[in-house]
Amino acid sequence: MKWILTIALSFFALTILAQDKFYTKGLANGYAWTAPPSASMLAYSKGESLSEMLNRRKYQTQIQRDVSFPFGCDAEVEELLKSDSSPIIDLQTIEKMIDEFYDNKENLVIPVLGAYCCCIKELTGESFEDIEKYRQELLEFSYEKSEQ
């Protein structure tokens, strides 16, 4: 009987630890994005996940956005919406770009919203150097300890 309890507690502990891997400061990250749906907390497709994340972000106040994720790309999104190329940019395009972003294993700790913003910055034509600087800021954000 003791061994059943030990196995159950071990499984529970592993589940809790595995769940932490999928989040950076409470935000889904590259581990969640790249994990098989059965293993991650994202129980639906990447496209639906991205769509829901962006929809939720749209209705947050600026203060909520700044506190939860200080590296947004609202200005770049507006620029894309005003450009001639915006009709050809869809969630599938962004999804593929995010997949490519997370091919670099170093990026897995970066929240999906950060990966999304890197893709948006690329689509607006920002220089490689500026995007890399932004990516480095995302890495620093992802590794710094949360203040509680």
# chains A, B, ... in the order shown; residues from 1 in each chain; ligands from 1
>>> residues_around(residues="range 72-74 of chain A", least_positions_apart="4", cutoff="8 Å", atoms="only C-alpha atoms", output="list in words")
Arg65, Glu78, Leu113, Gly114, Cys117, Ile120 and Lys121 of chain A
>>> write_last_selection(atoms="C-alpha atoms", output="PDB file, in the first residue's frame")
ATOM      1  CA  ARG A  65      -0.288  44.645 -20.205  1.00  0.00           C
ATOM      2  CA  GLU A  78      -0.814  48.958 -35.925  1.00  0.00           C
ATOM      3  CA  LEU A 113       3.663  36.654 -26.676  1.00  0.00           C
ATOM      4  CA  GLY A 114       7.352  37.572 -26.987  1.00  0.00           C
ATOM      5  CA  CYS A 117       6.212  40.132 -31.156  1.00  0.00           C
ATOM      6  CA  ILE A 120       5.597  40.945 -35.963  1.00  0.00           C
ATOM      7  CA  LYS A 121       8.802  42.984 -35.806  1.00  0.00           C
TER       8      LYS A 121
END
>>> residues_around(residues="Ala115 in chain A", least_positions_apart="3", cutoff="12 Å", atoms="only C-alpha atoms", output="PyMOL selection string")
chain A and resi 27-30+33+50+71-73+94-104+107-112+118-122+131-132+134-139+142
>>> atom_distance(atom1="CA of Thr34 in chain A", atom2="CA of Asn55 in chain A")
20.9 Å
>>> closest_residue(among="A:Ser49, A:Thr24, A:Thr93, A:Thr124", to="Ala75 in chain A", atoms="only C-alpha atoms")
A:Thr124
>>> atom_distance(atom1="CA of Glu79 in chain A", atom2="CA of Gly125 in chain A")
10.6 Å
